[in-house]
file protein.pdb (PDB, C-alpha atoms, pLDDT in the B column)
ATOM      1  CA  MET A   3      73.281 103.347  74.191  1.00 53.00           C
ATOM      2  CA  THR A   4      71.101 103.361  77.309  1.00 54.00           C
ATOM      3  CA  GLU A   5      67.470 104.286  77.265  1.00 51.00           C
ATOM      4  CA  SER A   6      68.038 107.479  79.281  1.00 50.00           C
ATOM      5  CA  ALA A   7      70.774 108.589  76.886  1.00 53.00           C
ATOM      6  CA  ALA A   8      68.480 107.885  73.960  1.00 54.00           C
ATOM      7  CA  THR A   9      65.674 109.994  75.447  1.00 54.00           C
ATOM      8  CA  GLY A  10      68.006 112.845  76.392  1.00 57.00           C
ATOM      9  CA  SER A  11      67.528 112.393  80.151  1.00 64.00           C
ATOM     10  CA  THR A  12      70.194 114.064  82.265  1.00 77.00           C
ATOM     11  CA  ALA A  13      69.749 112.080  85.464  1.00 87.00           C
ATOM     12  CA  LYS A  14      72.234 112.906  88.182  1.00 88.00           C
ATOM     13  CA  PRO A  15      74.489 110.200  89.561  1.00 91.00           C
ATOM     14  CA  PRO A  16      72.987 108.584  92.684  1.00 89.00           C
ATOM     15  CA  ALA A  17      75.495 110.319  94.977  1.00 84.00           C
ATOM     16  CA  GLU A  18      74.232 113.740  93.841  1.00 87.00           C
ATOM     17  CA  ARG A  19      70.522 113.104  94.351  1.00 89.00           C
ATOM     18  CA  GLY A  20      69.188 114.788  97.461  1.00 90.00           C
ATOM     19  CA  ARG A  21      70.958 116.777 100.122  1.00 88.00           C
ATOM     20  CA  THR A  22      72.602 116.068 103.449  1.00 90.00           C
ATOM     21  CA  SER A  23      72.137 118.309 106.457  1.00 93.00           C
ATOM     22  CA  ILE A  24      74.297 118.079 109.560  1.00 96.00           C
ATOM     23  CA  ALA A  25      72.907 119.183 112.916  1.00 97.00           C
ATOM     24  CA  ASP A  26      74.802 121.652 115.084  1.00 97.00           C
ATOM     25  CA  GLY A  27      75.023 118.986 117.810  1.00 96.00           C
ATOM     26  CA  VAL A  28      76.859 116.583 115.519  1.00 97.00           C
ATOM     27  CA  VAL A  29      79.550 119.145 114.760  1.00 98.00           C
ATOM     28  CA  GLU A  30      79.719 120.074 118.462  1.00 97.00           C
ATOM     29  CA  LYS A  31      80.371 116.454 119.449  1.00 97.00           C
ATOM     30  CA  ILE A  32      83.084 116.004 116.830  1.00 98.00           C
ATOM     31  CA  ALA A  33      84.763 119.256 117.884  1.00 98.00           C
ATOM     32  CA  GLY A  34      84.469 118.416 121.592  1.00 97.00           C
ATOM     33  CA  LEU A  35      86.115 115.037 121.145  1.00 97.00           C
ATOM     34  CA  ALA A  36      88.863 116.499 118.947  1.00 98.00           C
ATOM     35  CA  ALA A  37      89.600 119.260 121.480  1.00 98.00           C
ATOM     36  CA  ARG A  38      89.819 116.797 124.378  1.00 97.00           C
ATOM     37  CA  GLU A  39      92.453 114.775 122.480  1.00 97.00           C
ATOM     38  CA  VAL A  40      94.940 117.658 122.764  1.00 98.00           C
ATOM     39  CA  VAL A  41      97.544 117.390 125.521  1.00 97.00           C
ATOM     40  CA  GLY A  42      97.129 120.294 127.934  1.00 97.00           C
ATOM     41  CA  VAL A  43      93.329 120.472 127.718  1.00 97.00           C
ATOM     42  CA  HIS A  44      92.021 119.569 131.166  1.00 95.00           C
ATOM     43  CA  ALA A  45      88.303 120.093 130.581  1.00 95.00           C
ATOM     44  CA  MET A  46      85.756 121.762 128.350  1.00 95.00           C
ATOM     45  CA  GLY A  47      83.281 124.370 129.479  1.00 91.00           C
ATOM     46  CA  SER A  48      83.210 126.703 132.417  1.00 78.00           C
ATOM     47  CA  GLY A  49      86.323 126.783 134.493  1.00 61.00           C
ATOM     48  CA  SER A  50      84.893 127.029 137.982  1.00 55.00           C
ATOM     49  CA  GLY A  51      84.963 123.814 139.924  1.00 51.00           C
ATOM     50  CA  LEU A  52      81.387 124.362 141.043  1.00 47.00           C
ATOM     51  CA  SER A  53      80.191 124.742 137.449  1.00 48.00           C
ATOM     52  CA  ARG A  54      82.058 121.584 136.429  1.00 46.00           C
ATOM     53  CA  THR A  55      80.483 119.773 139.385  1.00 49.00           C
ATOM     54  CA  PHE A  56      76.980 120.818 138.384  1.00 50.00           C
ATOM     55  CA  GLY A  57      77.767 119.902 134.779  1.00 50.00           C
ATOM     56  CA  ALA A  58      78.885 116.428 135.830  1.00 51.00           C
ATOM     57  CA  VAL A  59      75.658 115.964 137.806  1.00 52.00           C
ATOM     58  CA  ARG A  60      73.580 117.255 134.871  1.00 49.00           C
ATOM     59  CA  ASP A  61      75.309 114.751 132.558  1.00 49.00           C
ATOM     60  CA  ARG A  62      74.185 111.888 134.777  1.00 54.00           C
ATOM     61  CA  VAL A  63      70.542 112.963 134.760  1.00 55.00           C
ATOM     62  CA  PRO A  64      68.547 111.495 131.872  1.00 56.00           C
ATOM     63  CA  GLY A  65      67.594 114.323 129.545  1.00 54.00           C
ATOM     64  CA  GLY A  66      70.331 116.570 130.992  1.00 52.00           C
ATOM     65  CA  ALA A  67      71.184 119.624 128.901  1.00 50.00           C
ATOM     66  CA  LYS A  68      74.199 118.967 126.670  1.00 57.00           C
ATOM     67  CA  SER A  69      76.118 115.740 126.585  1.00 72.00           C
ATOM     68  CA  ALA A  70      79.515 115.784 128.270  1.00 85.00           C
ATOM     69  CA  VAL A  71      81.138 115.429 124.856  1.00 89.00           C
ATOM     70  CA  SER A  72      79.759 118.704 123.514  1.00 92.00           C
ATOM     71  CA  ARG A  73      79.958 120.756 126.734  1.00 94.00           C
ATOM     72  CA  GLY A  74      81.967 123.919 126.091  1.00 96.00           C
ATOM     73  CA  VAL A  75      81.347 123.816 122.331  1.00 97.00           C
ATOM     74  CA  LYS A  76      78.950 125.928 120.274  1.00 97.00           C
ATOM     75  CA  ALA A  77      78.641 125.411 116.533  1.00 97.00           C
ATOM     76  CA  GLU A  78      76.861 127.364 113.829  1.00 97.00           C
ATOM     77  CA  VAL A  79      76.363 125.107 110.829  1.00 97.00           C
ATOM     78  CA  GLY A  80      75.403 126.313 107.375  1.00 96.00           C
ATOM     79  CA  GLU A  81      75.048 124.479 104.082  1.00 93.00           C
ATOM     80  CA  VAL A  82      78.790 124.273 103.371  1.00 95.00           C
ATOM     81  CA  GLN A  83      80.527 126.041 106.271  1.00 97.00           C
ATOM     82  CA  THR A  84      80.656 125.971 110.049  1.00 98.00           C
ATOM     83  CA  ALA A  85      82.028 128.238 112.771  1.00 98.00           C
ATOM     84  CA  LEU A  86      82.883 127.046 116.271  1.00 98.00           C
ATOM     85  CA  ASP A  87      83.308 128.587 119.709  1.00 98.00           C
ATOM     86  CA  LEU A  88      85.108 126.497 122.336  1.00 98.00           C
ATOM     87  CA  GLU A  89      85.606 127.126 126.034  1.00 98.00           C
ATOM     88  CA  ILE A  90      88.482 125.181 127.566  1.00 97.00           C
ATOM     89  CA  VAL A  91      90.310 124.705 130.861  1.00 96.00           C
ATOM     90  CA  VAL A  92      94.047 124.161 130.443  1.00 97.00           C
ATOM     91  CA  GLU A  93      96.555 122.376 132.657  1.00 97.00           C
ATOM     92  CA  TYR A  94      98.910 124.595 134.635  1.00 97.00           C
ATOM     93  CA  GLY A  95     102.348 124.942 133.044  1.00 97.00           C
ATOM     94  CA  VAL A  96     101.388 124.445 129.407  1.00 97.00           C
ATOM     95  CA  SER A  97     101.738 127.138 126.785  1.00 98.00           C
ATOM     96  CA  ILE A  98      98.196 128.390 126.258  1.00 98.00           C
ATOM     97  CA  ARG A  99      99.145 129.641 122.800  1.00 98.00           C
ATOM     98  CA  ASP A 100     100.466 126.189 121.806  1.00 98.00           C
ATOM     99  CA  VAL A 101      97.450 124.382 123.271  1.00 98.00           C
ATOM    100  CA  ALA A 102      95.035 126.737 121.478  1.00 98.00           C
ATOM    101  CA  ARG A 103      96.895 126.235 118.189  1.00 98.00           C
ATOM    102  CA  ALA A 104      96.826 122.433 118.599  1.00 98.00           C
ATOM    103  CA  VAL A 105      93.127 122.477 119.532  1.00 98.00           C
ATOM    104  CA  ARG A 106      92.323 124.593 116.481  1.00 98.00           C
ATOM    105  CA  GLU A 107      94.285 122.295 114.155  1.00 98.00           C
ATOM    106  CA  ASN A 108      92.775 119.107 115.585  1.00 98.00           C
ATOM    107  CA  VAL A 109      89.216 120.455 115.559  1.00 98.00           C
ATOM    108  CA  VAL A 110      89.435 121.807 111.993  1.00 98.00           C
ATOM    109  CA  SER A 111      90.938 118.555 110.752  1.00 98.00           C
ATOM    110  CA  ALA A 112      88.350 116.322 112.449  1.00 98.00           C
ATOM    111  CA  VAL A 113      85.296 118.407 111.528  1.00 98.00           C
ATOM    112  CA  GLU A 114      86.314 118.910 107.902  1.00 98.00           C
ATOM    113  CA  ARG A 115      87.276 115.247 107.454  1.00 98.00           C
ATOM    114  CA  MET A 116      84.093 113.866 109.002  1.00 98.00           C
ATOM    115  CA  THR A 117      81.528 116.363 107.711  1.00 97.00           C
ATOM    116  CA  GLY A 118      82.953 117.846 104.528  1.00 96.00           C
ATOM    117  CA  LEU A 119      82.056 121.302 105.873  1.00 97.00           C
ATOM    118  CA  GLU A 120      84.590 124.106 105.647  1.00 98.00           C
ATOM    119  CA  VAL A 121      85.503 125.341 109.123  1.00 98.00           C
ATOM    120  CA  VAL A 122      85.743 129.115 108.752  1.00 98.00           C
ATOM    121  CA  GLU A 123      86.779 129.863 112.338  1.00 98.00           C
ATOM    122  CA  VAL A 124      87.459 128.245 115.690  1.00 98.00           C
ATOM    123  CA  ASN A 125      87.315 130.747 118.549  1.00 98.00           C
ATOM    124  CA  ILE A 126      88.820 129.529 121.811  1.00 98.00           C
ATOM    125  CA  ALA A 127      88.139 131.014 125.238  1.00 97.00           C
ATOM    126  CA  VAL A 128      90.403 129.778 128.020  1.00 97.00           C
ATOM    127  CA  SER A 129      88.220 130.070 131.109  1.00 96.00           C
ATOM    128  CA  ASP A 130      90.490 128.551 133.762  1.00 95.00           C
ATOM    129  CA  VAL A 131      93.785 126.863 134.566  1.00 96.00           C
ATOM    130  CA  LYS A 132      93.787 123.526 136.399  1.00 94.00           C
ATOM    131  CA  LEU A 133      96.375 123.762 139.163  1.00 93.00           C
ATOM    132  CA  PRO A 134      98.322 120.621 140.130  1.00 90.00           C
ATOM    133  CA  ASP A 135      97.046 120.642 143.717  1.00 86.00           C
ATOM    134  CA  GLU A 136      93.383 121.203 142.810  1.00 80.00           C
ATOM    135  CA  ASP A 137      91.123 118.211 143.162  1.00 71.00           C
ATOM    136  CA  ASP A 138      88.649 117.521 140.421  1.00 64.00           C
ATOM    137  CA  GLU A 139      85.364 118.276 142.054  1.00 54.00           C
ATOM    138  CA  GLU A 140      83.457 115.332 140.703  1.00 49.00           C
ATOM    139  CA  PRO A 141      80.464 114.620 142.891  1.00 47.00           C
ATOM    140  CA  GLU A 142      80.249 111.236 144.479  1.00 45.00           C
ATOM    141  CA  SER A 143      77.537 109.099 143.019  1.00 48.00           C
ATOM    142  CA  ARG A 144      74.689 108.320 145.380  1.00 48.00           C
ATOM    143  CA  LEU A 145      74.344 104.959 143.673  1.00 53.00           C
ATOM    144  CA  GLN A 146      76.524 101.996 144.557  1.00 52.00           C
TER     145      GLN A 146
END

call {"tool": "encode", "arguments": {"input": "protein.pdb", "output": "structure tokens"}}
result
Amino acid sequence: MTESAATGSTAKPPAERGRTSIADGVVEKIAGLAAREVVGVHAMGSGSGLSRTFGAVRDRVPGGAKSAVSRGVKAEVGEVQTALDLEIVVEYGVSIRDVARAVRENVVSAVERMTGLEVVEVNIAVSDVKLPDEDDEEPESRLQ
């Protein structure tokens, strides 16, 4: 018999001592990466080319707002659950319903697997459609 058993101590196993908190930004990054993996998702965030251009510039500036990975994703994280809002741009010709379903499945799977949080909802706003003849309006870098 161990000493703690002899004294009546009810020490928790090491894995149960303390608590783990997960920042909203962590969940947003996981969800952003998972959403981008889905065929038919062209971009995340605002659909206008100008907004994407400014976002790309902001990503290159040290201390820019959100990282490119989490752009278009907003998470609310609680102790055991999370809810997500995603804004996506889809490719022309794809079934938006099918893309949204695949995004939801991939995001829920990735977030729950990596964080252990229950994803209670994934709301998807399709803000634009990327047409085949539209150029991506990525700004040219001033650095060479």

call {"tool": "resolve_selection", "arguments": {"input": "protein.pdb", "expression": "the PyMOL selection byres ((chain A and resi 98-114) around 8)", "output": "CSV table (one decimal) with C-alpha atoms, in the frame of the given file"}}
result
chain,number,residue,atom,x,y,z
A,29,VAL,CA,79.6,119.1,114.8
A,32,ILE,CA,83.1,116.0,116.8
A,33,ALA,CA,84.8,119.3,117.9
A,34,GLY,CA,84.5,118.4,121.6
A,36,ALA,CA,88.9,116.5,118.9
A,37,ALA,CA,89.6,119.3,121.5
A,40,VAL,CA,94.9,117.7,122.8
A,41,VAL,CA,97.5,117.4,125.5
A,42,GLY,CA,97.1,120.3,127.9
A,43,VAL,CA,93.3,120.5,127.7
A,92,VAL,CA,94.0,124.2,130.4
A,96,VAL,CA,101.4,124.4,129.4
A,97,SER,CA,101.7,127.1,126.8
A,115,ARG,CA,87.3,115.2,107.5
A,116,MET,CA,84.1,113.9,109.0
A,117,THR,CA,81.5,116.4,107.7
A,118,GLY,CA,83.0,117.8,104.5
A,119,LEU,CA,82.1,121.3,105.9
A,120,GLU,CA,84.6,124.1,105.6
A,121,VAL,CA,85.5,125.3,109.1
A,124,VAL,CA,87.5,128.2,115.7
A,126,ILE,CA,88.8,129.5,121.8

call {"tool": "atom_distance", "arguments": {"input": "protein.pdb", "atom1": "atom CA of Asp135 of chain A", "atom2": "atom CA of Val75 of chain A"}}
result
26.7 Å

call {"tool": "residues_around", "arguments": {"input": "protein.pdb", "residues": "Gly27 of chain A", "least_positions_apart": "6", "cutoff": "12 Å", "atoms": "only C-alpha atoms", "output": "MDAnalysis selection string"}}
result
chainID A and resid 33:34 67:79 84 86

call {"tool": "atom_distance", "arguments": {"input": "protein.pdb", "atom1": "atom CA of Ser48 of chain A", "atom2": "atom CA of Gln83 of chain A"}}
result
26.3 Å

call {"tool": "atom_distance", "arguments": {"input": "protein.pdb", "atom1": "atom CA of Ala127 of chain A", "atom2": "atom CA of Ser23 of chain A"}}
result
27.8 Å

call {"tool": "closest_residue", "arguments": {"input": "protein.pdb", "among": "A:Ala13, A:Ala85, A:Val28, A:Ala45", "to": "Val128 of chain A", "atoms": "all atoms listed in the file"}}
result
A:Ala45

call {"tool": "build_atoms", "arguments": {"input": "protein.pdb", "residues": "segment 77-88 of chain A", "atoms": "all heavy atoms", "output": "compact mmCIF listing (two decimals), in the coordinates of the input"}}
result
# COMPACT_ATOMS: atom_id res chain seq x y z
N ALA A 77 78.42 125.41 117.98
CA ALA A 77 78.64 125.41 116.53
C ALA A 77 77.50 126.11 115.82
O ALA A 77 76.35 126.01 116.23
CB ALA A 77 78.75 123.97 116.00
N GLU A 78 77.84 126.83 114.77
CA GLU A 78 76.86 127.36 113.83
C GLU A 78 77.14 126.66 112.50
O GLU A 78 78.23 126.81 111.95
CB GLU A 78 77.02 128.87 113.67
CG GLU A 78 76.66 129.66 114.91
CD GLU A 78 76.82 131.16 114.69
OE1 GLU A 78 76.48 131.64 113.58
OE2 GLU A 78 77.30 131.81 115.62
N VAL A 79 76.17 125.91 112.04
CA VAL A 79 76.36 125.11 110.83
C VAL A 79 75.49 125.63 109.70
O VAL A 79 74.28 125.78 109.87
CB VAL A 79 76.04 123.62 111.11
CG1 VAL A 79 76.22 122.79 109.85
CG2 VAL A 79 76.89 123.09 112.24
N GLY A 80 76.13 125.91 108.58
CA GLY A 80 75.40 126.31 107.38
C GLY A 80 75.40 125.18 106.37
O GLY A 80 75.65 124.02 106.72
N GLU A 81 75.11 125.50 105.13
CA GLU A 81 75.05 124.48 104.08
C GLU A 81 76.43 123.88 103.79
O GLU A 81 76.55 122.69 103.58
CB GLU A 81 74.48 125.08 102.80
CG GLU A 81 73.06 125.55 102.91
CD GLU A 81 72.07 124.54 102.42
OE1 GLU A 81 72.43 123.70 101.57
OE2 GLU A 81 70.92 124.60 102.88
N VAL A 82 77.45 124.75 103.74
CA VAL A 82 78.79 124.27 103.37
C VAL A 82 79.88 124.71 104.34
O VAL A 82 81.03 124.32 104.18
CB VAL A 82 79.17 124.73 101.94
CG1 VAL A 82 78.26 124.10 100.90
CG2 VAL A 82 79.15 126.24 101.82
N GLN A 83 79.53 125.54 105.33
CA GLN A 83 80.53 126.04 106.27
C GLN A 83 80.03 125.91 107.70
O GLN A 83 78.83 125.81 107.95
CB GLN A 83 80.82 127.53 106.01
CG GLN A 83 81.47 127.80 104.67
CD GLN A 83 81.70 129.29 104.47
OE1 GLN A 83 80.92 130.13 104.90
NE2 GLN A 83 82.80 129.61 103.80
N THR A 84 80.99 125.95 108.63
CA THR A 84 80.66 125.97 110.05
C THR A 84 81.65 126.85 110.79
O THR A 84 82.79 127.00 110.36
CB THR A 84 80.64 124.54 110.65
OG1 THR A 84 80.18 124.60 111.99
CG2 THR A 84 82.00 123.89 110.62
N ALA A 85 81.18 127.44 111.89
CA ALA A 85 82.03 128.24 112.77
C ALA A 85 81.83 127.69 114.18
O ALA A 85 80.73 127.28 114.56
CB ALA A 85 81.64 129.71 112.71
N LEU A 86 82.92 127.66 114.95
CA LEU A 86 82.88 127.05 116.27
C LEU A 86 83.43 127.98 117.34
O LEU A 86 84.39 128.71 117.11
CB LEU A 86 83.74 125.77 116.27
CG LEU A 86 83.23 124.66 115.36
CD1 LEU A 86 84.36 123.80 114.87
CD2 LEU A 86 82.22 123.85 116.10
N ASP A 87 82.82 127.91 118.51
CA ASP A 87 83.31 128.59 119.71
C ASP A 87 83.55 127.51 120.75
O ASP A 87 82.65 126.71 121.04
CB ASP A 87 82.29 129.60 120.24
CG ASP A 87 82.05 130.75 119.28
OD1 ASP A 87 83.04 131.23 118.69
OD2 ASP A 87 80.89 131.18 119.14
N LEU A 88 84.75 127.48 121.32
CA LEU A 88 85.11 126.50 122.34
C LEU A 88 85.53 127.21 123.61
O LEU A 88 86.19 128.25 123.55
CB LEU A 88 86.27 125.62 121.87
CG LEU A 88 85.97 124.49 120.90
CD1 LEU A 88 85.64 125.01 119.53
CD2 LEU A 88 87.15 123.56 120.81
